[in-house]
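Structure data follow from coords_4.pdb (PDB, C-alpha atoms and all ligand atoms):
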```
ATOM      1  CA  MET Z   1      -7.836 -15.408   7.054
ATOM      2  CA  GLY Z   2      -9.745 -17.539   4.530
ATOM      3  CA  ARG Z   3     -13.116 -15.991   5.365
ATOM      4  CA  ALA Z   4     -12.791 -12.498   3.949
ATOM      5  CA  ARG Z   5     -16.053 -11.289   2.463
ATOM      6  CA  GLU Z   6     -15.760  -9.204  -0.661
ATOM      7  CA  ILE Z   7     -18.203  -6.380  -1.175
ATOM      8  CA  ASP Z   8     -19.285  -4.943  -4.508
ATOM      9  CA  THR Z   9     -17.700  -1.508  -4.948
ATOM     10  CA  GLY Z  10     -19.679  -0.780  -8.110
ATOM     11  CA  MET Z  11     -16.377  -0.074  -9.874
ATOM     12  CA  GLU Z  12     -15.185  -2.966 -12.004
ATOM     13  CA  GLY Z  13     -11.748  -4.157 -10.867
ATOM     14  CA  PHE Z  14     -11.718  -2.180  -7.607
ATOM     15  CA  ARG Z  15     -12.017  -5.014  -5.113
ATOM     16  CA  PHE Z  16     -12.712  -4.498  -1.396
ATOM     17  CA  TRP Z  17     -12.684  -6.874   1.550
ATOM     18  CA  PRO Z  18     -13.641  -4.874   4.679
ATOM     19  CA  GLY Z  19     -12.445  -6.484   7.902
ATOM     20  CA  ALA Z  20     -10.416  -9.119   6.055
ATOM     21  CA  LEU Z  21      -7.864  -9.322   8.866
ATOM     22  CA  SER Z  22      -8.826 -10.322  12.395
ATOM     23  CA  ALA Z  23      -7.501  -8.325  15.352
ATOM     24  CA  SER Z  24      -4.801 -10.935  15.973
ATOM     25  CA  GLU Z  25      -3.816 -10.962  12.291
ATOM     26  CA  GLN Z  26      -3.507  -7.161  12.381
ATOM     27  CA  THR Z  27      -1.360  -7.319  15.520
ATOM     28  CA  GLY Z  28       0.837 -10.006  14.007
ATOM     29  CA  LEU Z  29       1.362  -8.120  10.765
ATOM     30  CA  LEU Z  30       2.042  -4.861  12.556
ATOM     31  CA  GLY Z  31       4.590  -6.636  14.772
ATOM     32  CA  ALA Z  32       6.424  -7.912  11.702
ATOM     33  CA  VAL Z  33       6.509  -4.419  10.174
ATOM     34  CA  LEU Z  34       7.743  -2.829  13.400
ATOM     35  CA  ALA Z  35      10.439  -5.529  13.726
ATOM     36  CA  ALA Z  36      11.569  -4.814  10.153
ATOM     37  CA  GLU Z  37      11.750  -1.107  10.958
ATOM     38  CA  ALA Z  38      14.935  -1.765  12.973
ATOM     39  CA  SER Z  39      16.854  -2.585   9.780
ATOM     40  CA  ALA Z  40      14.685  -0.633   7.314
ATOM     41  CA  PRO Z  41      13.731   2.630   9.048
ATOM     42  CA  PHE Z  42      10.870   4.815   7.837
ATOM     43  CA  TYR Z  43      12.229   7.782   5.899
ATOM     44  CA  ARG Z  44      10.645  10.669   4.043
ATOM     45  CA  PRO Z  45      11.281  10.518   0.292
ATOM     46  CA  VAL Z  46      11.192  13.515  -2.038
ATOM     47  CA  THR Z  47       9.430  13.808  -5.370
ATOM     48  CA  PRO Z  48      11.500  14.195  -8.538
ATOM     49  CA  GLY Z  49      10.620  17.898  -8.227
ATOM     50  CA  GLY Z  50      12.229  17.990  -4.778
ATOM     51  CA  ARG Z  51       9.133  18.219  -2.561
ATOM     52  CA  ALA Z  52       9.090  16.046   0.561
ATOM     53  CA  PHE Z  53       6.279  13.502   0.874
ATOM     54  CA  SER Z  54       4.199  13.945   4.029
ATOM     55  CA  VAL Z  55       4.052  10.138   4.209
ATOM     56  CA  GLU Z  56       7.020   8.206   5.595
ATOM     57  CA  MET Z  57       8.016   5.084   3.688
ATOM     58  CA  THR Z  58       9.971   1.862   3.919
ATOM     59  CA  GLY Z  59       9.695  -1.500   2.211
ATOM     60  CA  LEU Z  60       9.730  -5.274   2.524
ATOM     61  CA  GLY Z  61      10.659  -7.976   0.055
ATOM     62  CA  PRO Z  62      13.107  -8.247  -2.858
ATOM     63  CA  LEU Z  63      12.267  -4.807  -4.266
ATOM     64  CA  GLY Z  64      11.169  -1.494  -2.814
ATOM     65  CA  TRP Z  65       9.581   1.543  -4.452
ATOM     66  CA  VAL Z  66      11.620   4.713  -4.016
ATOM     67  CA  SER Z  67      11.368   8.323  -5.142
ATOM     68  CA  ASP Z  68      14.112  10.945  -5.288
ATOM     69  CA  ARG Z  69      15.437  13.669  -7.618
ATOM     70  CA  ALA Z  70      16.290  10.946 -10.156
ATOM     71  CA  GLY Z  71      12.667   9.753 -10.384
ATOM     72  CA  TYR Z  72      10.428   6.896  -9.276
ATOM     73  CA  ARG Z  73      11.697   3.318  -9.437
ATOM     74  CA  TYR Z  74      11.988  -0.048  -7.712
ATOM     75  CA  GLN Z  75      15.359  -1.010  -6.249
ATOM     76  CA  PRO Z  76      16.718  -3.902  -4.136
ATOM     77  CA  THR Z  77      18.148  -1.722  -1.349
ATOM     78  CA  HIS Z  78      16.945   0.849   1.182
ATOM     79  CA  PRO Z  79      17.931   4.323  -0.069
ATOM     80  CA  VAL Z  80      19.177   5.531   3.336
ATOM     81  CA  THR Z  81      20.924   2.452   4.766
ATOM     82  CA  GLY Z  82      21.946   0.851   1.456
ATOM     83  CA  ALA Z  83      20.951  -2.550   2.902
ATOM     84  CA  PRO Z  84      18.616  -5.050   1.219
ATOM     85  CA  TRP Z  85      14.959  -4.648   2.236
ATOM     86  CA  PRO Z  86      13.873  -7.083   4.986
ATOM     87  CA  PRO Z  87      11.847 -10.097   3.837
ATOM     88  CA  MET Z  88       8.046  -9.967   3.689
ATOM     89  CA  PRO Z  89       6.303 -11.897   6.459
ATOM     90  CA  ASP Z  90       4.693 -15.062   4.979
ATOM     91  CA  ALA Z  91       1.234 -13.711   5.813
ATOM     92  CA  LEU Z  92       1.535 -11.194   2.955
ATOM     93  CA  PRO Z  93       2.144 -13.516  -0.021
ATOM     94  CA  ASP Z  94      -0.473 -15.844   1.527
ATOM     95  CA  LEU Z  95      -3.023 -13.014   1.591
ATOM     96  CA  TRP Z  96      -2.119 -12.011  -1.984
ATOM     97  CA  ARG Z  97      -2.636 -15.580  -3.221
ATOM     98  CA  ASP Z  98      -5.896 -16.078  -1.329
ATOM     99  CA  LEU Z  99      -7.483 -12.790  -2.411
ATOM    100  CA  THR Z 100      -6.085 -12.070  -5.883
ATOM    101  CA  GLY Z 101      -5.322 -15.584  -7.134
ATOM    102  CA  TRP Z 102      -2.458 -14.065  -9.135
ATOM    103  CA  PRO Z 103      -0.092 -16.915 -10.169
ATOM    104  CA  GLU Z 104       3.177 -15.232  -9.133
ATOM    105  CA  PRO Z 105       3.883 -13.910  -5.629
ATOM    106  CA  PRO Z 106       4.438 -10.207  -4.930
ATOM    107  CA  ASP Z 107       8.072  -9.073  -5.217
ATOM    108  CA  ALA Z 108       7.605  -5.699  -3.492
ATOM    109  CA  CYS Z 109       5.744  -4.382  -0.468
ATOM    110  CA  LEU Z 110       5.695  -0.614  -0.025
ATOM    111  CA  VAL Z 111       5.059   0.419   3.582
ATOM    112  CA  ASN Z 112       3.522   3.886   4.071
ATOM    113  CA  ARG Z 113       3.174   5.517   7.494
ATOM    114  CA  TYR Z 114       0.778   8.431   7.994
ATOM    115  CA  ARG Z 115       1.134  10.654  11.039
ATOM    116  CA  ASP Z 116       0.411  14.298  11.820
ATOM    117  CA  GLY Z 117      -1.816  15.238   8.919
ATOM    118  CA  ALA Z 118       0.012  13.185   6.298
ATOM    119  CA  LYS Z 119      -1.870  12.505   3.074
ATOM    120  CA  MET Z 120      -1.175  11.267  -0.443
ATOM    121  CA  GLY Z 121      -2.168  13.075  -3.605
ATOM    122  CA  LEU Z 122      -4.118  11.454  -6.432
ATOM    123  CA  HIS Z 123      -1.801   9.227  -8.454
ATOM    124  CA  GLN Z 124      -1.660   6.135 -10.619
ATOM    125  CA  ASP Z 125       0.607   3.183  -9.852
ATOM    126  CA  LEU Z 126       2.588   3.060 -13.103
ATOM    127  CA  ASP Z 127       6.094   1.975 -12.125
ATOM    128  CA  GLU Z 128       5.463  -1.775 -12.300
ATOM    129  CA  ARG Z 129       6.479  -3.659 -15.433
ATOM    130  CA  ASP Z 130       3.210  -5.594 -15.898
ATOM    131  CA  HIS Z 131       0.103  -3.494 -15.352
ATOM    132  CA  GLY Z 132      -1.922  -6.697 -15.652
ATOM    133  CA  ALA Z 133      -0.840  -7.770 -12.174
ATOM    134  CA  PRO Z 134      -2.924  -6.424  -9.273
ATOM    135  CA  VAL Z 135      -1.861  -4.121  -6.444
ATOM    136  CA  LEU Z 136      -3.189  -5.285  -3.059
ATOM    137  CA  SER Z 137      -3.500  -2.823  -0.155
ATOM    138  CA  VAL Z 138      -3.682  -3.640   3.565
ATOM    139  CA  SER Z 139      -4.673  -0.937   6.063
ATOM    140  CA  LEU Z 140      -3.546  -0.950   9.715
ATOM    141  CA  GLY Z 141      -4.336   1.630  12.397
ATOM    142  CA  ASP Z 142      -6.287   4.832  11.942
ATOM    143  CA  THR Z 143      -9.005   4.950   9.275
ATOM    144  CA  ALA Z 144      -8.107   6.618   5.977
ATOM    145  CA  VAL Z 145     -10.323   8.525   3.572
ATOM    146  CA  PHE Z 146      -9.289   6.892   0.286
ATOM    147  CA  ARG Z 147     -10.224   8.687  -2.938
ATOM    148  CA  ILE Z 148     -10.600   6.804  -6.218
ATOM    149  CA  GLY Z 149     -11.680   7.557  -9.775
ATOM    150  CA  ALA Z 150     -11.264   6.080 -13.242
ATOM    151  CA  ALA Z 151      -7.874   6.123 -14.965
ATOM    152  CA  GLY Z 152      -9.084   8.465 -17.677
ATOM    153  CA  GLY Z 153     -10.269  11.203 -15.324
ATOM    154  CA  GLY Z 154     -13.749  12.393 -14.419
ATOM    155  CA  SER Z 155     -15.438  12.112 -11.070
ATOM    156  CA  THR Z 156     -13.898  10.543  -7.981
ATOM    157  CA  ARG Z 157     -15.435   9.207  -4.792
ATOM    158  CA  THR Z 158     -14.213   8.289  -1.352
ATOM    159  CA  VAL Z 159     -14.126   5.019   0.567
ATOM    160  CA  ARG Z 160     -13.102   4.730   4.211
ATOM    161  CA  LEU Z 161     -10.346   2.193   4.806
ATOM    162  CA  ALA Z 162     -10.271   0.989   8.420
ATOM    163  CA  SER Z 163      -7.738  -1.197  10.212
ATOM    164  CA  GLY Z 164      -7.849  -4.725   8.817
ATOM    165  CA  ASP Z 165      -9.496  -3.708   5.544
ATOM    166  CA  VAL Z 166      -7.940  -4.969   2.314
ATOM    167  CA  CYS Z 167      -8.567  -3.615  -1.177
ATOM    168  CA  ALA Z 168      -7.064  -4.178  -4.612
ATOM    169  CA  LEU Z 169      -6.734  -2.431  -7.934
ATOM    170  CA  THR Z 170      -7.125  -5.095 -10.608
ATOM    171  CA  GLY Z 171      -8.086  -5.431 -14.273
ATOM    172  CA  PRO Z 172      -9.934  -2.352 -15.546
ATOM    173  CA  ALA Z 173      -9.254  -0.486 -12.267
ATOM    174  CA  ARG Z 174      -5.542  -1.291 -12.124
ATOM    175  CA  LEU Z 175      -4.605   2.183 -13.346
ATOM    176  CA  ALA Z 176      -7.342   4.006 -11.424
ATOM    177  CA  ARG Z 177      -6.389   7.377  -9.952
ATOM    178  CA  HIS Z 178      -6.343   7.169  -6.172
ATOM    179  CA  GLY Z 179      -4.966   8.862  -3.084
ATOM    180  CA  ILE Z 180      -5.467   9.482   0.619
ATOM    181  CA  ASP Z 181      -7.358  12.693   1.466
ATOM    182  CA  ARG Z 182      -6.806  12.418   5.204
ATOM    183  CA  ILE Z 183      -6.427  10.139   8.184
ATOM    184  CA  ILE Z 184      -8.967  10.132  11.007
ATOM    185  CA  ALA Z 185      -6.627  10.584  13.978
ATOM    186  CA  GLY Z 186      -7.464   8.501  17.031
ATOM    187  CA  SER Z 187      -9.856   6.146  15.208
ATOM    188  CA  SER Z 188      -7.655   3.148  16.106
ATOM    189  CA  SER Z 189      -5.157   2.393  18.856
ATOM    190  CA  LEU Z 190      -3.285  -0.294  16.905
ATOM    191  CA  VAL Z 191      -0.192   1.652  15.808
ATOM    192  CA  PRO Z 192       2.152   2.688  18.646
ATOM    193  CA  GLY Z 193       2.420   6.474  18.580
ATOM    194  CA  GLY Z 194      -0.768   6.693  16.530
ATOM    195  CA  GLY Z 195      -1.438   6.974  12.835
ATOM    196  CA  ARG Z 196      -1.904   4.575   9.967
ATOM    197  CA  ILE Z 197       0.340   2.056   8.243
ATOM    198  CA  ASN Z 198      -0.553   0.902   4.745
ATOM    199  CA  LEU Z 199       1.076  -2.019   2.979
ATOM    200  CA  THR Z 200       0.803  -2.311  -0.805
ATOM    201  CA  LEU Z 201       1.838  -5.584  -2.390
ATOM    202  CA  ARG Z 202       2.968  -5.498  -5.994
ATOM    203  CA  ARG Z 203       4.614  -7.329  -8.857
ATOM    204  CA  ALA Z 204       7.310  -4.775  -9.669
ATOM    205  CA  LEU Z 205       9.187  -6.877 -12.266
TER     206      LEU Z 205
HETATM  207  C1  LIG J 301      -2.578   4.147   0.950
HETATM  208  N1  LIG J 301      -2.519   3.422  -1.284
HETATM  209  O1  LIG J 301      -3.583   3.467   1.127
HETATM  210  C2  LIG J 301      -2.088   4.438  -0.420
HETATM  211  N2  LIG J 301      -2.012   2.037  -4.502
HETATM  212  O2  LIG J 301      -1.943   4.615   1.878
HETATM  213  C3  LIG J 301      -2.177   3.379  -2.573
HETATM  214  O3  LIG J 301      -1.517   4.248  -3.093
HETATM  215  C4  LIG J 301      -2.627   2.240  -3.365
HETATM  216  O4  LIG J 301      -4.333   1.635  -1.843
HETATM  217  C5  LIG J 301      -2.373   1.010  -5.281
HETATM  218  C6  LIG J 301      -3.379   0.163  -4.944
HETATM  219  C7  LIG J 301      -4.058   0.358  -3.772
HETATM  220  C8  LIG J 301      -3.686   1.415  -2.959
HETATM  221 FE    FE J 302      -1.031   3.846  -5.148
END
```
I need this file expressed as structure tokens, please.
Amino acid sequence: MGRAREIDTGMEGFRFWPGALSASEQTGLLGAVLAAEASAPFYRPVTPGGRAFSVEMTGLGPLGWVSDRAGYRYQPTHPVTGAPWPPMPDALPDLWRDLTGWPEPPDACLVNRYRDGAKMGLHQDLDERDHGAPVLSVSLGDTAVFRIGAAGGGSTRTVRLASGDVCALTGPARLARHGIDRIIAGSSSLVPGGGRINLTLRRAL
């Protein structure tokens, strides 16, 4: 990496590095995620209200974000297997340090997989202890239409996130409302079986 060019999003704290990851970096990262899938399979969580997410999820690192009838939280084990989450590949904390400069490494990586019309409603990332720490997002595979607007409400706009793009919610945009309107099927051939995989790196505790 080391040569990612940041572009001005016009929204303070919403940082964007299009094409931050080379093709070989994308392949390497995807390989690590697919290898981890053997011990931490993708599963479909439910909201506290009992509705299934259309996105499939798993996690990497000491803590993973989960959702079920009991609520949203971070926990050290996979909710289906009960096993600890697999470790993060070194490339992820390296990317976090290079791009965010945050002094502590991420302790959680949520892995989202979008297939067959999956999307994610507008939300805020609120379950982390320190909302001062950034959330860094890595996109792999099909392009996503990412929607973002200020924390307090008002208008939103969309940004396309393509394979290898990295963005972050930091500072005044850390609690921005954001979601995925849709995935542009067939826009990338990176993910076996098609679709998009998104990694979000966080400081949960
Ligand atoms: C996604 N991303 O790109 C969903 N959260 O699939 C997120 O929910 C997200 O992109 C926090 C910070 C950046 C993000
Ligand atoms: Fe989010």
inquiry  = Evaluated on this file, the PyMOL selection byres (((not hetatm)) within 9 of (chain J and resi 301)) picks out some residues - which ones are they, written as a ChimeraX atom specification?
reply    = /Z:14,55,111-114,119-125,134-139,144-146,161,166-170,174-180,196-202
Can you tell me, as lines of an AutoDock Vina configuration file, the centre and edge lengths (Å, one decimal) of the axis-aligned box enclosing all of region 195-200 of chain Z's listed atoms after padding each side by 8 Å?
```
center_x = -0.4
center_y = 2.3
center_z = 6.0
size_x = 19.0
size_y = 25.3
size_z = 29.6
```
Contacts of Arg157 (chain Z) within 8 Å, all atoms listed in the file, excl. fewer than 5 positions in-chain, as a PyMOL selection string
chain Z and resi 147-149
Export, as a compact mmCIF listing (two decimals), in the coordinates of the input, the selected residues with C-alpha atoms.
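This went into out04.txt:
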```txt
# COMPACT_ATOMS: atom_id res chain seq x y z
CA ARG Z 147 -10.22 8.69 -2.94
CA ILE Z 148 -10.60 6.80 -6.22
CA GLY Z 149 -11.68 7.56 -9.78
```
Excluding same-chain residues fewer than 3 positions from Gly164 (chain Z), what lies within 8 Å of it counting all atoms listed in the file, as a PDB file with C-alpha atoms, in the frame of the given file?
```pdb
ATOM      1  CA  PRO Z  18     -13.641  -4.874   4.679  1.00  0.00           C
ATOM      2  CA  GLY Z  19     -12.445  -6.484   7.902  1.00  0.00           C
ATOM      3  CA  ALA Z  20     -10.416  -9.119   6.055  1.00  0.00           C
ATOM      4  CA  LEU Z  21      -7.864  -9.322   8.866  1.00  0.00           C
ATOM      5  CA  SER Z  22      -8.826 -10.322  12.395  1.00  0.00           C
ATOM      6  CA  ALA Z  23      -7.501  -8.325  15.352  1.00  0.00           C
ATOM      7  CA  GLN Z  26      -3.507  -7.161  12.381  1.00  0.00           C
ATOM      8  CA  VAL Z 138      -3.682  -3.640   3.565  1.00  0.00           C
ATOM      9  CA  SER Z 139      -4.673  -0.937   6.063  1.00  0.00           C
ATOM     10  CA  LEU Z 140      -3.546  -0.950   9.715  1.00  0.00           C
TER      11      LEU Z 140
END
```
Can you pull out every residue within 7 Å of Arg44 (chain Z), counting only C-alpha atoms, but drop anything in the same chain fewer than 5 positions away, and send it as a PDB file with C-alpha atoms, in the coordinates of the input?
```pdb
ATOM      1  CA  ALA Z  52       9.090  16.046   0.561  1.00  0.00           C
ATOM      2  CA  PHE Z  53       6.279  13.502   0.874  1.00  0.00           C
ATOM      3  CA  VAL Z  55       4.052  10.138   4.209  1.00  0.00           C
ATOM      4  CA  GLU Z  56       7.020   8.206   5.595  1.00  0.00           C
ATOM      5  CA  MET Z  57       8.016   5.084   3.688  1.00  0.00           C
TER       6      MET Z  57
END
```
Result set of the PyMOL selection byres (((chain Z and resi 116) around 10) and not hetatm) on the coordinates above, as a CSV table (one decimal) with C-alpha atoms, in the coordinates of the input:
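Writing done, so here's part11.csv:
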```csv
chain,number,residue,atom,x,y,z
Z,54,SER,CA,4.2,13.9,4.0
Z,55,VAL,CA,4.1,10.1,4.2
Z,114,TYR,CA,0.8,8.4,8.0
Z,115,ARG,CA,1.1,10.7,11.0
Z,117,GLY,CA,-1.8,15.2,8.9
Z,118,ALA,CA,0.0,13.2,6.3
Z,119,LYS,CA,-1.9,12.5,3.1
Z,182,ARG,CA,-6.8,12.4,5.2
Z,183,ILE,CA,-6.4,10.1,8.2
Z,185,ALA,CA,-6.6,10.6,14.0
Z,194,GLY,CA,-0.8,6.7,16.5
Z,195,GLY,CA,-1.4,7.0,12.8
```
Residues matched by the PyMOL selection byres (((chain Z and resi 78) around 10) and not hetatm), written as a PyMOL selection string: chain Z and resi 39-43+58-60+63-66+75-77+79-86
CA of Leu126 (chain Z) sits from CA of Pro89 (chain Z) at a separation of 24.9 Å
- Query: With distances taken over only C-alpha atoms and all ligand atoms, which of Z:Leu95, Z:Ile184, Z:Leu205, Z:Cys109 is nearest to ligand FE 302 (chain J)?
  - Reply: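 Of the candidates, the smallest distance to ligand FE 302 (chain J) is held by Z:Cys109.
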re CA of Asp90 (chain Z) and CA of Glu25 (chain Z): distance 11.9 Å
